[in-house]
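Engineer: Provided below: query13.cif, containing mmCIF, C-alpha atoms and all ligand atoms.
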```cif
data_target
loop_
_atom_site.label_atom_id
_atom_site.label_comp_id
_atom_site.auth_asym_id
_atom_site.auth_seq_id
_atom_site.Cartn_x
_atom_site.Cartn_y
_atom_site.Cartn_z
CA MET A 770 -81.02 -63.60 36.84
CA SER A 771 -79.21 -61.86 33.97
CA ASN A 772 -75.43 -62.02 33.49
CA SER A 773 -73.20 -59.09 34.32
CA TRP A 774 -71.53 -59.48 30.90
CA LYS A 775 -72.85 -59.23 27.34
CA ARG A 776 -70.79 -62.12 25.97
CA LYS A 777 -68.39 -64.75 27.27
CA GLU A 778 -65.85 -66.55 25.06
CA VAL A 779 -63.62 -69.38 26.19
CA ILE A 780 -60.60 -69.81 23.91
CA GLY A 781 -58.05 -72.35 25.12
CA ASP A 782 -57.14 -71.33 28.67
CA CYS A 783 -58.45 -67.77 28.20
CA THR A 784 -61.91 -66.71 29.33
CA LEU A 785 -62.98 -63.38 27.90
CA TYR A 786 -65.93 -61.25 28.98
CA LEU A 787 -67.47 -58.43 26.97
CA GLY A 788 -68.69 -56.01 29.61
CA ASP A 789 -67.82 -53.38 32.20
CA CYS A 790 -65.15 -54.68 34.56
CA MET A 791 -66.85 -53.09 37.57
CA GLU A 792 -69.89 -55.30 36.91
CA VAL A 793 -68.03 -58.45 35.85
CA LEU A 794 -65.23 -58.44 38.45
CA PRO A 795 -67.39 -59.30 41.48
CA THR A 796 -68.49 -62.51 39.71
CA ILE A 797 -64.94 -63.80 39.13
CA ARG A 798 -63.28 -66.15 41.60
CA SER A 799 -59.76 -67.49 42.11
CA ILE A 800 -57.61 -64.79 40.57
CA GLY A 801 -53.87 -65.50 41.00
CA ALA A 802 -52.41 -62.26 39.60
CA VAL A 803 -53.36 -59.07 37.76
CA LEU A 804 -51.62 -57.59 34.72
CA THR A 805 -53.50 -54.60 33.36
CA ASP A 806 -53.39 -51.30 31.53
CA PRO A 807 -56.46 -49.17 32.30
CA PRO A 808 -57.40 -45.92 30.53
CA TYR A 809 -55.14 -43.11 31.78
CA GLY A 810 -57.65 -40.28 31.22
CA LEU A 811 -55.50 -38.60 28.56
CA GLY A 812 -58.15 -38.37 25.82
CA LYS A 813 -58.78 -34.64 26.22
CA ARG A 814 -55.05 -33.84 26.08
CA MET A 815 -54.71 -35.70 22.80
CA GLN A 816 -57.52 -33.95 20.90
CA GLY A 817 -55.31 -31.64 18.87
CA GLY A 818 -52.19 -31.85 16.74
CA THR A 819 -51.19 -34.44 14.20
CA TRP A 820 -51.30 -37.26 16.75
CA GLY A 821 -54.90 -36.64 17.82
CA ALA A 822 -55.98 -36.15 14.23
CA LYS A 823 -54.91 -39.67 13.19
CA ASP A 824 -57.85 -41.89 12.24
CA GLU A 825 -56.61 -44.83 14.28
CA MET A 826 -56.69 -42.64 17.40
CA SER A 827 -60.39 -41.76 17.14
CA GLY A 828 -61.53 -44.63 19.41
CA PHE A 829 -58.93 -43.69 21.98
CA LEU A 830 -60.42 -40.20 22.33
CA GLU A 831 -63.73 -41.79 23.34
CA TRP A 832 -62.63 -44.32 25.93
CA ASP A 833 -59.68 -42.49 27.47
CA LEU A 834 -61.64 -39.52 28.79
CA GLU A 835 -61.60 -40.65 32.40
CA ALA A 836 -59.37 -42.56 34.82
CA ARG A 837 -61.53 -43.81 37.69
CA GLN A 838 -59.91 -44.49 41.05
CA GLU A 839 -62.60 -47.08 41.85
CA TRP A 840 -61.10 -49.35 39.14
CA ILE A 841 -57.75 -49.36 40.89
CA ASP A 842 -59.31 -49.78 44.33
CA ALA A 843 -61.21 -52.85 43.09
CA ILE A 844 -57.99 -54.35 41.70
CA LEU A 845 -56.01 -53.62 44.87
CA ALA A 846 -58.75 -55.24 46.96
CA LEU A 847 -57.96 -58.56 45.25
CA LYS A 848 -54.61 -58.59 47.14
CA VAL A 849 -52.74 -60.68 44.57
CA PRO A 850 -49.44 -60.01 42.74
CA THR A 851 -50.31 -57.06 40.49
CA VAL A 852 -48.88 -54.93 37.68
CA ILE A 853 -50.84 -51.80 36.72
CA TRP A 854 -49.58 -49.74 33.77
CA GLY A 855 -50.24 -46.01 33.94
CA ALA A 856 -50.62 -46.19 37.72
CA ASN A 857 -48.94 -42.79 37.97
CA TYR A 858 -52.37 -41.41 36.96
CA PHE A 859 -54.00 -42.97 40.04
CA GLN A 860 -53.52 -43.14 43.80
CA VAL A 861 -51.58 -46.28 44.63
CA PRO A 862 -49.67 -47.39 47.75
CA ALA A 863 -45.95 -46.76 48.15
CA ALA A 864 -44.12 -49.43 46.20
CA ARG A 865 -40.63 -50.87 45.85
CA CYS A 866 -40.89 -52.29 42.36
CA TRP A 867 -42.09 -49.81 39.74
CA LEU A 868 -41.57 -51.05 36.20
CA PHE A 869 -40.48 -48.72 33.40
CA TRP A 870 -40.99 -49.15 29.69
CA ASN A 871 -38.15 -47.18 28.17
CA LYS A 872 -39.41 -46.19 24.70
CA VAL A 873 -36.10 -46.38 22.93
CA ASN A 874 -37.36 -44.65 19.79
CA ALA A 875 -39.34 -41.87 21.55
CA VAL A 876 -39.32 -38.52 19.77
CA PRO A 877 -39.10 -35.30 21.85
CA THR A 878 -42.88 -34.68 21.82
CA MET A 879 -43.60 -38.17 23.23
CA ALA A 880 -43.12 -39.58 26.72
CA ASP A 881 -39.73 -41.29 27.01
CA ALA A 882 -41.21 -43.92 29.30
CA GLU A 883 -44.38 -45.44 30.78
CA MET A 884 -44.60 -46.62 34.36
CA ALA A 885 -46.30 -49.56 36.00
CA TRP A 886 -47.00 -49.91 39.72
CA THR A 887 -46.51 -53.33 41.24
CA ASN A 888 -46.81 -54.82 44.71
CA LEU A 889 -43.82 -57.11 44.06
CA ASP A 890 -40.99 -57.26 46.57
CA LYS A 891 -38.27 -56.81 43.94
CA PRO A 892 -36.05 -53.95 42.78
CA ALA A 893 -37.49 -51.51 40.23
CA LYS A 894 -36.78 -52.58 36.65
CA ARG A 895 -36.66 -51.11 33.15
CA PHE A 896 -37.58 -52.72 29.83
CA ASN A 897 -36.12 -51.22 26.67
CA HIS A 898 -38.41 -51.54 23.67
CA PRO A 899 -39.50 -49.31 20.79
CA VAL A 900 -43.00 -47.93 20.36
CA GLY A 901 -44.48 -49.75 17.38
CA ARG A 902 -47.05 -48.61 14.87
CA VAL A 903 -50.76 -48.95 15.68
CA GLU A 904 -51.53 -52.64 15.33
CA PHE A 905 -54.59 -54.87 15.44
CA GLY A 906 -56.98 -51.90 15.16
CA HIS A 907 -56.51 -50.79 18.78
CA PRO A 908 -54.81 -47.40 19.34
CA THR A 909 -52.84 -48.37 22.46
CA THR A 910 -51.85 -52.01 22.03
CA LYS A 911 -48.86 -52.63 24.31
CA PRO A 912 -45.81 -54.46 22.88
CA LEU A 913 -46.17 -58.22 23.41
CA PRO A 914 -42.52 -58.62 24.63
CA LEU A 915 -43.23 -55.98 27.30
CA PHE A 916 -46.24 -57.92 28.62
CA GLN A 917 -44.35 -61.23 28.42
CA TRP A 918 -41.68 -59.63 30.59
CA CYS A 919 -44.34 -58.41 33.06
CA LEU A 920 -45.80 -61.90 33.25
CA ALA A 921 -42.35 -63.29 34.04
CA MET A 922 -41.91 -60.57 36.71
CA LEU A 923 -45.23 -61.62 38.28
CA GLY A 924 -44.06 -65.23 38.48
CA GLY A 925 -46.17 -67.80 40.28
CA GLY A 926 -49.09 -69.66 38.85
CA GLY A 927 -52.81 -69.24 38.85
CA VAL A 928 -55.18 -67.29 36.68
CA VAL A 929 -54.04 -63.88 35.41
CA LEU A 930 -56.75 -61.21 35.27
CA ASP A 931 -56.77 -58.23 32.92
CA PRO A 932 -59.94 -56.16 33.53
CA PHE A 933 -58.96 -53.73 30.70
CA LEU A 934 -58.05 -56.25 28.03
CA GLY A 935 -58.09 -53.95 24.96
CA SER A 936 -56.70 -55.88 22.01
CA GLY A 937 -55.79 -58.80 24.27
CA THR A 938 -52.02 -58.46 24.78
CA THR A 939 -52.19 -59.89 28.33
CA ALA A 940 -54.15 -62.92 27.12
CA VAL A 941 -51.75 -63.48 24.19
CA ALA A 942 -48.79 -63.37 26.60
CA CYS A 943 -50.59 -65.84 28.92
CA ALA A 944 -51.51 -68.20 26.08
CA LYS A 945 -47.90 -68.27 24.90
CA ALA A 946 -46.69 -68.93 28.45
CA GLY A 947 -49.28 -71.67 29.08
CA ARG A 948 -51.02 -69.59 31.80
CA ARG A 949 -54.71 -69.26 32.32
CA CYS A 950 -56.19 -65.81 31.79
CA VAL A 951 -59.44 -63.95 32.40
CA GLY A 952 -59.92 -60.78 30.38
CA ILE A 953 -62.66 -58.16 30.44
CA GLU A 954 -63.22 -55.56 27.73
CA LYS A 955 -66.10 -53.10 27.39
CA ASN A 956 -65.76 -52.21 23.71
CA GLU A 957 -67.16 -54.86 21.34
CA SER A 958 -64.79 -54.22 18.44
CA TYR A 959 -61.73 -54.43 20.72
CA PHE A 960 -63.22 -57.58 22.27
CA GLU A 961 -63.41 -59.13 18.77
CA ILE A 962 -59.81 -58.12 18.06
CA ALA A 963 -58.69 -59.78 21.32
CA CYS A 964 -60.61 -62.99 20.53
CA ASP A 965 -59.04 -63.14 17.04
CA ARG A 966 -55.53 -62.63 18.35
CA ILE A 967 -55.93 -65.34 20.98
CA ARG A 968 -57.48 -67.82 18.52
CA LYS A 969 -54.49 -67.29 16.21
CA VAL A 970 -52.03 -67.98 19.05
CA TYR A 971 -53.77 -71.26 19.93
CA ALA A 972 -53.84 -72.20 16.23
CA GLN A 973 -50.05 -71.94 16.04
CA PRO A 974 -48.13 -75.18 16.52
CA ASP A 975 -45.32 -73.34 18.40
CA MET A 976 -47.60 -71.41 20.74
CA PHE A 977 -45.52 -72.06 23.84
CA VAL A 978 -42.81 -69.47 23.42
CA SER A 979 -41.10 -68.45 26.64
CA ALA A 980 -40.86 -64.82 27.74
CA PRO A 981 -37.74 -62.95 26.65
CA ALA A 982 -35.00 -62.42 29.21
CA PRO A 983 -34.23 -58.75 29.98
CA GLN A 984 -31.89 -56.91 27.61
CA LEU A 985 -32.20 -59.24 24.65
CA PRO A 986 -31.71 -57.65 21.20
CA GLN A 987 -35.43 -57.40 20.53
CA GLN A 988 -35.79 -55.10 23.54
CA LEU A 989 -33.34 -52.74 21.92
CA GLY A 990 -35.37 -52.73 18.72
CA LEU A 991 -32.78 -54.66 16.75
CA LEU A 992 -35.21 -57.42 15.82
CA LYS A 993 -38.74 -57.05 14.51
CA GLY A 994 -41.38 -57.96 17.12
CA GLY A 995 -44.47 -59.99 16.19
CA GLU A 996 -47.05 -62.41 17.39
CA GLY A 997 -45.39 -65.53 16.02
C1 LIG A 1001 -55.16 -48.85 27.58
S1 LIG A 1001 -56.36 -49.85 26.82
C2 LIG A 1001 -55.69 -51.49 27.04
C3 LIG A 1001 -54.76 -51.85 25.92
C4 LIG A 1001 -54.20 -53.25 26.08
N1 LIG A 1001 -53.19 -53.31 27.10
C5 LIG A 1001 -53.63 -53.78 24.78
O1 LIG A 1001 -52.42 -54.08 24.72
O2 LIG A 1001 -54.38 -53.84 23.82
C6 LIG A 1001 -57.69 -49.83 27.97
C7 LIG A 1001 -58.91 -50.60 27.52
O3 LIG A 1001 -59.87 -50.60 28.59
C8 LIG A 1001 -61.17 -50.61 28.02
N2 LIG A 1001 -62.11 -50.17 29.06
C9 LIG A 1001 -62.36 -48.90 29.49
N3 LIG A 1001 -63.23 -48.89 30.51
C10 LIG A 1001 -63.53 -50.19 30.77
C11 LIG A 1001 -64.36 -50.85 31.73
N4 LIG A 1001 -65.05 -50.14 32.64
N5 LIG A 1001 -64.43 -52.20 31.72
C12 LIG A 1001 -63.74 -52.92 30.81
N6 LIG A 1001 -62.93 -52.36 29.86
C13 LIG A 1001 -62.82 -51.01 29.85
C14 LIG A 1001 -61.06 -49.68 26.81
O4 LIG A 1001 -62.07 -49.95 25.86
C15 LIG A 1001 -59.63 -50.02 26.30
O5 LIG A 1001 -59.68 -50.98 25.29
#
```
Starting from the file, give its structure as structure tokens.
Structural biologist:
Amino acid sequence: MSNSWKRKEVIGDCTLYLGDCMEVLPTIRSIGAVLTDPPYGLGKRMQGGTWGAKDEMSGFLEWDLEARQEWIDAILALKVPTVIWGANYFQVPAARCWLFWNKVNAVPTMADAEMAWTNLDKPAKRFNHPVGRVEFGHPTTKPLPLFQWCLAMLGGGGVVLDPFLGSGTTAVACAKAGRRCVGIEKNESYFEIACDRIRKVYAQPDMFVSAPAPQLPQQLGLLKGGEG
């Protein structure tokens, strides 16, 4: 019987699959939580203007053409603590704890914030952090401090799943927090980027760096963010 993935890499406590999450997900057991950031289906809207014309955005225009409800339904069916960025583009249940990324350096033509749906029984929360430049060769890499904060919001233990791994921010946050992670990414070059980032984290002697507490200076853009 053939595998539902094209490649599998185990790096430290992270297991990464190159493949389509709808094919790989049914083969994965024992998921403790989900932290993910699926395509929002905005590719067509971003075709024009200076933003869409940027070289580093070309990949984005290909993979962000659709936002499929079946992805979200499959994640919700797992019934584990979950954070889904861009969930305002999908149908999700009523929720108490939406998370907001307040883009403190947003210009008027950009969104001031992004929203994540959660099934956590906590008050809604906001994270202040600037939008950075395109990093790691992926057009929509999320800020690492933002995902470290999400991981802290999720709490608990167990394996964290990201079925839309992109450049691997969820796995980097997990590696730094000493949590196990399973990531799935369909695009081979993004998969390579994620593997490289995670290898570098495990190669660092100080890899266990705790998540930042809310409202620290780096959230306000006063300190430079980074992987280290
Ligand atoms: C918004 S990006 C994730 C970015 C990520 N949070 C990061 O910080 O790098 C969504 C990713 O999902 C991937 N993707 C799209 N459809 C997929 C599918 N069916 N299975 C797995 N990955 C998929 C895209 O290639 C893209 O890299």
Engineer: Which residues of chain A sit at most 7 Å from ligand LIG 1001 (chain A), using only C-alpha atoms and all ligand atoms? Give each one's shortest atom pair and distance in Å (one decimal place), in chain and ascending residue order, as a tab-separated table.
Structural biologist:
```
residue	atom	partner	partner_atom	distance
A:Gly788	CA	A:LIG1001	C12	6.0
A:Asp789	CA	A:LIG1001	N5	3.6
A:Cys790	CA	A:LIG1001	N5	3.8
A:Met791	CA	A:LIG1001	N4	6.0
A:Thr805	CA	A:LIG1001	N1	6.4
A:Asp806	CA	A:LIG1001	N1	4.9
A:Pro807	CA	A:LIG1001	C6	4.5
A:Pro808	CA	A:LIG1001	C6	4.7
A:Trp832	CA	A:LIG1001	C14	5.7
A:His907	CA	A:LIG1001	O2	6.3
A:Thr909	CA	A:LIG1001	C3	5.3
A:Thr910	CA	A:LIG1001	O1	3.4
A:Lys911	CA	A:LIG1001	O1	3.9
A:Pro912	CA	A:LIG1001	O1	6.9
A:Pro932	CA	A:LIG1001	C12	5.7
A:Phe933	CA	A:LIG1001	O3	3.9
A:Leu934	CA	A:LIG1001	C4	5.3
A:Gly935	CA	A:LIG1001	O5	3.4
A:Ser936	CA	A:LIG1001	O2	3.6
A:Gly937	CA	A:LIG1001	O2	5.2
A:Thr938	CA	A:LIG1001	O1	4.4
A:Thr939	CA	A:LIG1001	N1	6.8
A:Ile953	CA	A:LIG1001	C12	5.4
A:Glu954	CA	A:LIG1001	N6	3.9
A:Lys955	CA	A:LIG1001	N6	4.1
A:Asn956	CA	A:LIG1001	O4	4.8
A:Tyr959	CA	A:LIG1001	O5	6.1
```
Engineer: Could you please determine the separation between atom CA of Val929 of chain A and atom CA of Arg949 of chain A in Å, to one decimal place?
Structural biologist: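 Interatomic distance here is 6.2 Å.
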Engineer: Suppose you want the space between atom CA of Val793 of chain A and atom CA of Cys964 of chain A; what is it in Å?
Structural biologist: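 Atom-to-atom, atom CA of Val793 of chain A and atom CA of Cys964 of chain A are spaced 17.6 Å apart.
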Engineer: Would you mind listing what lies within 10 Å of segment 850-853 of chain A as an NGL selection string, with only C-alpha atoms counted and same-chain residues fewer than 6 positions away left out?
Structural biologist: :A and (800-807 or 841 or 844 or 859 or 861 or 866-868 or 884-890 or 916 or 919-920 or 922-925 or 929-931)
Engineer: Find the distance between atom CA of Cys783 of chain A and atom CA of Tyr858 of chain A and write it in Å to one decimal.
Structural biologist: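 Value for the atom CA of Cys783 of chain A-atom CA of Tyr858 of chain A distance: 28.4 Å.
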Engineer: Please write all heavy atoms of segment 782-796 of chain A, from the structure given just now, as a short mmCIF file (atom, residue, chain, number, x, y, z; two decimals), in the first residue's frame.
Structural biologist:
```cif
data_model
loop_
_atom_site.label_atom_id
_atom_site.label_comp_id
_atom_site.auth_asym_id
_atom_site.auth_seq_id
_atom_site.Cartn_x
_atom_site.Cartn_y
_atom_site.Cartn_z
N ASP A 782 11.59 16.59 17.82
CA ASP A 782 10.23 16.17 18.18
C ASP A 782 9.21 16.57 17.12
O ASP A 782 8.00 16.53 17.39
CB ASP A 782 9.82 16.81 19.52
CG ASP A 782 10.45 16.08 20.69
OD1 ASP A 782 10.79 14.90 20.54
OD2 ASP A 782 10.59 16.69 21.76
N CYS A 783 9.68 17.00 15.95
CA CYS A 783 8.76 17.42 14.88
C CYS A 783 8.72 16.36 13.78
O CYS A 783 9.77 15.93 13.29
CB CYS A 783 9.20 18.74 14.26
SG CYS A 783 9.23 20.10 15.44
N THR A 784 7.52 15.98 13.39
CA THR A 784 7.35 15.07 12.26
C THR A 784 6.65 15.84 11.15
O THR A 784 5.57 16.39 11.36
CB THR A 784 6.50 13.85 12.66
OG1 THR A 784 7.12 13.23 13.79
CG2 THR A 784 6.39 12.84 11.52
N LEU A 785 7.31 15.91 10.01
CA LEU A 785 6.80 16.73 8.92
C LEU A 785 6.46 15.85 7.72
O LEU A 785 7.25 14.98 7.34
CB LEU A 785 7.85 17.76 8.47
CG LEU A 785 8.47 18.61 9.58
CD1 LEU A 785 9.39 19.66 8.98
CD2 LEU A 785 7.41 19.29 10.42
N TYR A 786 5.29 16.12 7.14
CA TYR A 786 4.85 15.37 5.96
C TYR A 786 4.74 16.32 4.78
O TYR A 786 4.13 17.39 4.90
CB TYR A 786 3.47 14.75 6.20
CG TYR A 786 3.45 13.71 7.29
CD1 TYR A 786 3.14 14.05 8.60
CD2 TYR A 786 3.75 12.38 7.01
CE1 TYR A 786 3.11 13.10 9.60
CE2 TYR A 786 3.72 11.41 8.01
CZ TYR A 786 3.41 11.78 9.30
OH TYR A 786 3.38 10.83 10.30
N LEU A 787 5.30 15.91 3.65
CA LEU A 787 5.08 16.62 2.39
C LEU A 787 3.88 15.94 1.73
O LEU A 787 3.95 14.76 1.35
CB LEU A 787 6.32 16.51 1.50
CG LEU A 787 6.17 17.04 0.07
CD1 LEU A 787 5.90 18.55 0.05
CD2 LEU A 787 7.43 16.72 -0.75
N GLY A 788 2.78 16.67 1.63
CA GLY A 788 1.59 16.08 1.03
C GLY A 788 0.38 16.95 1.25
O GLY A 788 0.48 18.03 1.84
N ASP A 789 -0.76 16.47 0.76
CA ASP A 789 -2.03 17.18 0.93
C ASP A 789 -2.62 16.79 2.28
O ASP A 789 -2.79 15.60 2.56
CB ASP A 789 -2.98 16.79 -0.21
CG ASP A 789 -4.24 17.62 -0.20
OD1 ASP A 789 -4.84 17.78 0.89
OD2 ASP A 789 -4.64 18.10 -1.26
N CYS A 790 -2.95 17.79 3.09
CA CYS A 790 -3.41 17.47 4.45
C CYS A 790 -4.68 16.62 4.44
O CYS A 790 -4.89 15.83 5.37
CB CYS A 790 -3.59 18.73 5.27
SG CYS A 790 -4.86 19.84 4.69
N MET A 791 -5.50 16.73 3.42
CA MET A 791 -6.74 15.96 3.41
C MET A 791 -6.45 14.46 3.22
O MET A 791 -7.25 13.61 3.60
CB MET A 791 -7.69 16.46 2.32
CG MET A 791 -8.22 17.85 2.59
SD MET A 791 -8.99 18.03 4.21
CE MET A 791 -10.52 17.17 3.95
N GLU A 792 -5.29 14.17 2.62
CA GLU A 792 -4.90 12.76 2.47
C GLU A 792 -4.10 12.26 3.66
O GLU A 792 -4.22 11.11 4.08
CB GLU A 792 -4.09 12.58 1.17
CG GLU A 792 -4.96 12.75 -0.06
CD GLU A 792 -4.16 13.00 -1.33
OE1 GLU A 792 -2.99 12.60 -1.38
OE2 GLU A 792 -4.73 13.62 -2.25
N VAL A 793 -3.27 13.16 4.24
CA VAL A 793 -2.38 12.74 5.32
C VAL A 793 -3.11 12.69 6.67
O VAL A 793 -2.89 11.77 7.47
CB VAL A 793 -1.14 13.68 5.41
CG1 VAL A 793 -0.20 13.24 6.53
CG2 VAL A 793 -0.41 13.74 4.08
N LEU A 794 -4.00 13.65 6.89
CA LEU A 794 -4.67 13.77 8.20
C LEU A 794 -5.31 12.48 8.71
O LEU A 794 -5.11 12.12 9.88
CB LEU A 794 -5.75 14.85 8.13
CG LEU A 794 -5.48 16.16 8.88
CD1 LEU A 794 -6.66 17.11 8.72
CD2 LEU A 794 -5.20 15.89 10.33
N PRO A 795 -6.04 11.75 7.86
CA PRO A 795 -6.69 10.53 8.38
C PRO A 795 -5.70 9.48 8.89
O PRO A 795 -6.10 8.57 9.63
CB PRO A 795 -7.45 9.98 7.16
CG PRO A 795 -7.60 11.16 6.24
CD PRO A 795 -6.40 12.02 6.47
N THR A 796 -4.41 9.61 8.55
CA THR A 796 -3.43 8.61 8.98
C THR A 796 -2.76 9.00 10.30
O THR A 796 -1.94 8.25 10.82
CB THR A 796 -2.33 8.41 7.91
OG1 THR A 796 -1.53 9.61 7.86
CG2 THR A 796 -2.92 8.13 6.55
#
```
